[in-house]
Amino acid sequence: MPGTAGSPGGQVPEIETARLRLRAHQTGDHPTCTAIWSHPEVIRHIGGRPFTAEEVWKRLLQYRGLWSLLGYGYWAIEEKASGRYVGDVGFADFARELQPSLRGMLECGWVLAPQAHGHGYASEAVAAITAWAEAQLPERRVVCIIAPENQASIRVAEKAGFHLWQPSTYHDSPTLVFSR
């Protein structure tokens with residue numbers, strides 16, 4: 001419901017972990033975000049098609065808009081040591097046509113630039129935002145969807161306390177639905 005979540009007015013709370021800063025997306029993130037969402041290694045399990053600069057711009061607008069409409073959304077992941085923007089993590093309600101229905105649940109998602117893979121950043125970021133959700137939205141169920149062949153994301157989800165809830169199909173592709 002609008003205005004009932006942890007951050008009224010669309011303000012994106014900043015979260016710091018040992019190595020990361022989770023912050024609001026900025027217009028200056030667009031070139032790096034486009035590079036991330038068009039990289040074959042990144043999109044291999046997320047539709048398999050590179051995103052255009054226009055589509056990524058709409059994604060950035062969506063990330064910020066989620067906070068205004070729902071009171072939760074996505075953060076930009078930044079390395080504290082370098083200040084480099086390396087990915088996205090957060091929650092949404094995308095009203096997906098999927099069974100089981102995820103409507104009203106916090107759908108968790110994450111994506112990292114290839115150079116940030118293998119450093120434990122995804123696990124660190126997901127742990128931070130699930131702790132935020134437990135504190136701010138304790139009544140909300142947290143879920144995520146993952147392609148069955150995406151073993152790295154399955155490991156991140158399991159490490160964060162997600163368990164396989166149900167196999168499903170999304171856009172004609174097998175999909176696993178996890179829940180915490």
# chains A, B, ... in the order shown; residues from 1 in each chain; ligands from 1
$ select_by_dssp --residues "range 9-177 of chain A" --states "strand (DSSP E)" --output "PyMOL selection string"
chain A and resi 15-16+20-23+74-79+85-92+106-112+142-146+163-170+173-177
$ residues_around --residues "range 148-164 of chain A" --least-positions-apart "3" --cutoff "6 Å" --atoms "only C-alpha atoms" --output "PyMOL selection string"
chain A and resi 123+127+178-180
$ write_last_selection --atoms "all heavy atoms" --output "PDB file, in the first residue's frame"
ATOM      1  N   SER A 123      25.413 -11.365  -1.572  1.00  0.00           N
ATOM      2  CA  SER A 123      24.991 -11.892  -0.270  1.00  0.00           C
ATOM      3  C   SER A 123      24.984 -10.799   0.791  1.00  0.00           C
ATOM      4  O   SER A 123      24.066 -10.716   1.613  1.00  0.00           O
ATOM      5  CB  SER A 123      25.913 -13.030   0.169  1.00  0.00           C
ATOM      6  OG  SER A 123      25.771 -14.134  -0.699  1.00  0.00           O
ATOM      7  N   ALA A 127      21.472  -9.554   2.473  1.00  0.00           N
ATOM      8  CA  ALA A 127      21.342  -9.654   3.938  1.00  0.00           C
ATOM      9  C   ALA A 127      20.958  -8.302   4.534  1.00  0.00           C
ATOM     10  O   ALA A 127      20.107  -8.222   5.428  1.00  0.00           O
ATOM     11  CB  ALA A 127      22.645 -10.158   4.553  1.00  0.00           C
ATOM     12  N   PHE A 178      11.111 -18.537  -4.589  1.00  0.00           N
ATOM     13  CA  PHE A 178      11.654 -18.736  -3.253  1.00  0.00           C
ATOM     14  C   PHE A 178      10.952 -17.813  -2.282  1.00  0.00           C
ATOM     15  O   PHE A 178      10.473 -16.746  -2.650  1.00  0.00           O
ATOM     16  CB  PHE A 178      13.157 -18.431  -3.231  1.00  0.00           C
ATOM     17  CG  PHE A 178      14.004 -19.454  -3.949  1.00  0.00           C
ATOM     18  CD1 PHE A 178      14.126 -19.432  -5.319  1.00  0.00           C
ATOM     19  CD2 PHE A 178      14.680 -20.421  -3.234  1.00  0.00           C
ATOM     20  CE1 PHE A 178      14.894 -20.369  -5.987  1.00  0.00           C
ATOM     21  CE2 PHE A 178      15.453 -21.377  -3.885  1.00  0.00           C
ATOM     22  CZ  PHE A 178      15.559 -21.342  -5.270  1.00  0.00           C
ATOM     23  N   SER A 179      10.894 -18.219  -1.018  1.00  0.00           N
ATOM     24  CA  SER A 179      10.231 -17.428   0.027  1.00  0.00           C
ATOM     25  C   SER A 179      11.076 -17.478   1.283  1.00  0.00           C
ATOM     26  O   SER A 179      11.771 -18.451   1.541  1.00  0.00           O
ATOM     27  CB  SER A 179       8.832 -18.003   0.279  1.00  0.00           C
ATOM     28  OG  SER A 179       8.188 -17.302   1.315  1.00  0.00           O
ATOM     29  N   ARG A 180      10.958 -16.422   2.090  1.00  0.00           N
ATOM     30  CA  ARG A 180      11.633 -16.357   3.395  1.00  0.00           C
ATOM     31  C   ARG A 180      10.577 -16.357   4.472  1.00  0.00           C
ATOM     32  O   ARG A 180       9.581 -15.709   4.359  1.00  0.00           O
ATOM     33  CB  ARG A 180      12.370 -15.022   3.565  1.00  0.00           C
ATOM     34  CG  ARG A 180      13.721 -14.977   3.061  1.00  0.00           C
ATOM     35  CD  ARG A 180      14.403 -13.624   3.285  1.00  0.00           C
ATOM     36  NE  ARG A 180      15.352 -13.775   4.335  1.00  0.00           N
ATOM     37  CZ  ARG A 180      15.263 -13.175   5.497  1.00  0.00           C
ATOM     38  NH1 ARG A 180      14.303 -12.364   5.773  1.00  0.00           N
ATOM     39  NH2 ARG A 180      16.187 -13.362   6.411  1.00  0.00           N
TER      40      ARG A 180
END
$ closest_atom_pairs --of "range 85-129 of chain A" --to "range 32-36 of chain A" --cutoff "8 Å" --atoms "only C-alpha atoms" --output "tab-separated table"
residue	atom	partner	partner_atom	distance
A:Tyr85	CA	A:Thr32	CA	7.3
A:Val86	CA	A:Thr32	CA	7.9
A:Gly87	CA	A:Cys33	CA	7.3
A:Leu112	CA	A:Ile36	CA	7.1
A:Ala113	CA	A:Ile36	CA	5.1
A:Pro114	CA	A:Ile36	CA	7.5
$ residues_around --residues "Trp132 in chain A" --least-positions-apart "5" --cutoff "10 Å" --atoms "only C-alpha atoms" --output "list in words"
Gly6, Pro13, Ile15, Val126, Ala127, Leu137 and Pro138 of chain A
$ select_by_dssp --residues "range 55-90 of chain A" --states "helix (DSSP H, G or I)" --output "number ranges by chain"
A: 55-70
$ write_last_selection --atoms "C-alpha atoms" --output "mmCIF file, in the first residue's frame"
data_model
loop_
_atom_site.group_PDB
_atom_site.id
_atom_site.type_symbol
_atom_site.label_atom_id
_atom_site.label_comp_id
_atom_site.auth_asym_id
_atom_site.auth_seq_id
_atom_site.Cartn_x
_atom_site.Cartn_y
_atom_site.Cartn_z
ATOM 1 C CA GLU A 55 15.077 0.573 -21.347
ATOM 2 C CA VAL A 56 17.688 1.084 -18.641
ATOM 3 C CA TRP A 57 16.672 4.737 -18.272
ATOM 4 C CA LYS A 58 13.095 3.556 -17.672
ATOM 5 C CA ARG A 59 14.442 1.044 -15.152
ATOM 6 C CA LEU A 60 16.189 3.837 -13.228
ATOM 7 C CA LEU A 61 12.960 5.845 -13.209
ATOM 8 C CA GLN A 62 11.117 2.752 -11.999
ATOM 9 C CA TYR A 63 13.641 2.201 -9.206
ATOM 10 C CA ARG A 64 13.051 5.707 -7.844
ATOM 11 C CA GLY A 65 9.294 5.580 -8.501
ATOM 12 C CA LEU A 66 8.859 2.439 -6.433
ATOM 13 C CA TRP A 67 9.873 4.391 -3.329
ATOM 14 C CA SER A 68 7.300 7.117 -4.005
ATOM 15 C CA LEU A 69 4.448 4.734 -4.752
ATOM 16 C CA LEU A 70 5.157 1.818 -2.419
#
$ atom_distance --atom1 "CA of Arg19 in chain A" --atom2 "CA of Ala131 in chain A"
16.3 Å
$ closest_residue --among "A:Ala76, A:Ala128, A:Val142, A:Val89" --to "Gly109 in chain A" --atoms "only C-alpha atoms"
A:Val89
$ atom_distance --atom1 "CA of Gln11 in chain A" --atom2 "CA of Gly73 in chain A"
10.1 Å
$ residues_around --residues "Glu79 in chain A" --least-positions-apart "6" --cutoff "12 Å" --atoms "only C-alpha atoms" --output "list in words"
Glu16, Thr17, Ala18, Arg19, Leu20, Arg21, Leu22, Arg23, Tyr85, Val86, Gly87, Asp88, Leu112, Ala113, Gln115, Ala116, His119, Gly120, Tyr121, Ala122, Glu124 and Ala125 of chain A
$ residues_around --residues "Thr175 in chain A" --least-positions-apart "3" --cutoff "7 Å" --atoms "only C-alpha atoms" --output "PyMOL selection string"
chain A and resi 145-148+167-170
$ closest_residue --among "A:Gln99, A:His117, A:Leu176, A:His171" --to "Cys144 in chain A" --atoms "only C-alpha atoms"
A:Leu176
$ atom_distance --atom1 "CA of Arg140 in chain A" --atom2 "CA of Arg96 in chain A"
17.1 Å
$ residues_around --residues "Ser38 in chain A" --least-positions-apart "5" --cutoff "9 Å" --atoms "only C-alpha atoms" --output "PyMOL selection string"
chain A and resi 33+43+49-53+56
$ write_last_selection --atoms "N, CA and C atoms" --output "short mmCIF file (atom, residue, chain, number, x, y, z; two decimals), in the first residue's frame"
data_model
loop_
_atom_site.label_atom_id
_atom_site.label_comp_id
_atom_site.auth_asym_id
_atom_site.auth_seq_id
_atom_site.Cartn_x
_atom_site.Cartn_y
_atom_site.Cartn_z
N CYS A 33 24.80 1.60 -15.33
CA CYS A 33 23.64 0.72 -15.27
C CYS A 33 23.37 0.11 -16.65
N ILE A 43 22.75 -10.70 -18.17
CA ILE A 43 21.38 -10.94 -18.65
C ILE A 43 21.12 -12.39 -19.05
N ARG A 49 18.30 -11.15 -23.17
CA ARG A 49 18.42 -10.10 -24.17
C ARG A 49 18.99 -8.85 -23.52
N PRO A 50 20.04 -8.26 -24.13
CA PRO A 50 20.58 -7.03 -23.57
C PRO A 50 19.52 -5.92 -23.55
N PHE A 51 19.56 -5.11 -22.52
CA PHE A 51 18.66 -3.98 -22.40
C PHE A 51 19.27 -2.78 -23.11
N THR A 52 18.45 -2.00 -23.79
CA THR A 52 18.92 -0.79 -24.45
C THR A 52 19.10 0.32 -23.43
N ALA A 53 19.79 1.37 -23.83
CA ALA A 53 19.97 2.53 -22.95
C ALA A 53 18.61 3.12 -22.57
N VAL A 56 17.01 0.91 -19.92
CA VAL A 56 17.69 1.08 -18.64
C VAL A 56 17.30 2.42 -18.00
#
$ closest_residue --among "A:Ala24, A:Ala81, A:Ile129, A:Leu98" --to "Trp110 in chain A" --atoms "only C-alpha atoms"
A:Ile129
$ decode --residues "range 122-150 of chain A" --atoms "N, CA and C atoms" --output "short mmCIF file (atom, residue, chain, number, x, y, z; two decimals), in the first residue's frame"
data_model
loop_
_atom_site.label_atom_id
_atom_site.label_comp_id
_atom_site.auth_asym_id
_atom_site.auth_seq_id
_atom_site.Cartn_x
_atom_site.Cartn_y
_atom_site.Cartn_z
N ALA A 122 26.65 -9.66 -3.44
CA ALA A 122 25.21 -9.94 -3.52
C ALA A 122 24.71 -10.44 -2.17
N SER A 123 25.41 -11.36 -1.57
CA SER A 123 24.99 -11.89 -0.27
C SER A 123 24.98 -10.80 0.79
N GLU A 124 25.99 -9.94 0.77
CA GLU A 124 26.07 -8.85 1.74
C GLU A 124 24.93 -7.86 1.56
N ALA A 125 24.63 -7.51 0.32
CA ALA A 125 23.55 -6.56 0.04
C ALA A 125 22.18 -7.15 0.35
N VAL A 126 21.94 -8.40 -0.03
CA VAL A 126 20.65 -9.03 0.23
C VAL A 126 20.43 -9.20 1.74
N ALA A 127 21.47 -9.55 2.47
CA ALA A 127 21.34 -9.65 3.94
C ALA A 127 20.96 -8.30 4.53
N ALA A 128 21.56 -7.23 4.03
CA ALA A 128 21.26 -5.89 4.56
C ALA A 128 19.83 -5.47 4.28
N ILE A 129 19.34 -5.73 3.06
CA ILE A 129 17.98 -5.27 2.75
C ILE A 129 16.92 -6.16 3.38
N THR A 130 17.22 -7.45 3.55
CA THR A 130 16.22 -8.29 4.23
C THR A 130 16.14 -7.91 5.70
N ALA A 131 17.25 -7.51 6.31
CA ALA A 131 17.20 -7.00 7.69
C ALA A 131 16.38 -5.71 7.74
N TRP A 132 16.57 -4.83 6.73
CA TRP A 132 15.78 -3.60 6.65
C TRP A 132 14.29 -3.94 6.55
N ALA A 133 13.95 -4.90 5.70
CA ALA A 133 12.54 -5.28 5.52
C ALA A 133 11.95 -5.87 6.80
N GLU A 134 12.73 -6.67 7.51
CA GLU A 134 12.24 -7.24 8.77
C GLU A 134 11.93 -6.14 9.78
N ALA A 135 12.74 -5.09 9.79
CA ALA A 135 12.53 -3.99 10.73
C ALA A 135 11.41 -3.05 10.29
N GLN A 136 11.33 -2.78 8.99
CA GLN A 136 10.39 -1.79 8.48
C GLN A 136 9.04 -2.37 8.06
N LEU A 137 9.05 -3.59 7.57
CA LEU A 137 7.84 -4.20 7.01
C LEU A 137 7.70 -5.64 7.52
N PRO A 138 7.67 -5.84 8.83
CA PRO A 138 7.73 -7.20 9.37
C PRO A 138 6.56 -8.09 8.97
N GLU A 139 5.44 -7.49 8.60
CA GLU A 139 4.27 -8.28 8.24
C GLU A 139 4.30 -8.77 6.79
N ARG A 140 5.26 -8.33 5.99
CA ARG A 140 5.29 -8.64 4.56
C ARG A 140 6.14 -9.87 4.28
N ARG A 141 5.61 -10.75 3.45
CA ARG A 141 6.36 -11.92 3.01
C ARG A 141 7.37 -11.48 1.96
N VAL A 142 8.58 -11.99 2.04
CA VAL A 142 9.65 -11.66 1.09
C VAL A 142 9.88 -12.87 0.19
N VAL A 143 9.87 -12.64 -1.11
CA VAL A 143 10.02 -13.70 -2.10
C VAL A 143 11.05 -13.28 -3.15
N CYS A 144 11.47 -14.22 -3.97
CA CYS A 144 12.28 -13.90 -5.14
C CYS A 144 12.06 -14.98 -6.19
N ILE A 145 12.28 -14.62 -7.44
CA ILE A 145 12.18 -15.60 -8.52
C ILE A 145 13.55 -15.71 -9.17
N ILE A 146 13.91 -16.96 -9.50
CA ILE A 146 15.24 -17.23 -10.04
C ILE A 146 15.12 -18.30 -11.11
N ALA A 147 15.86 -18.13 -12.20
CA ALA A 147 15.94 -19.17 -13.23
C ALA A 147 16.63 -20.39 -12.63
N PRO A 148 16.10 -21.60 -12.89
CA PRO A 148 16.67 -22.81 -12.27
C PRO A 148 18.16 -23.01 -12.54
N GLU A 149 18.65 -22.53 -13.67
CA GLU A 149 20.07 -22.73 -14.00
C GLU A 149 20.98 -21.67 -13.36
N ASN A 150 20.41 -20.70 -12.69
CA ASN A 150 21.20 -19.63 -12.07
C ASN A 150 21.64 -20.04 -10.66
#
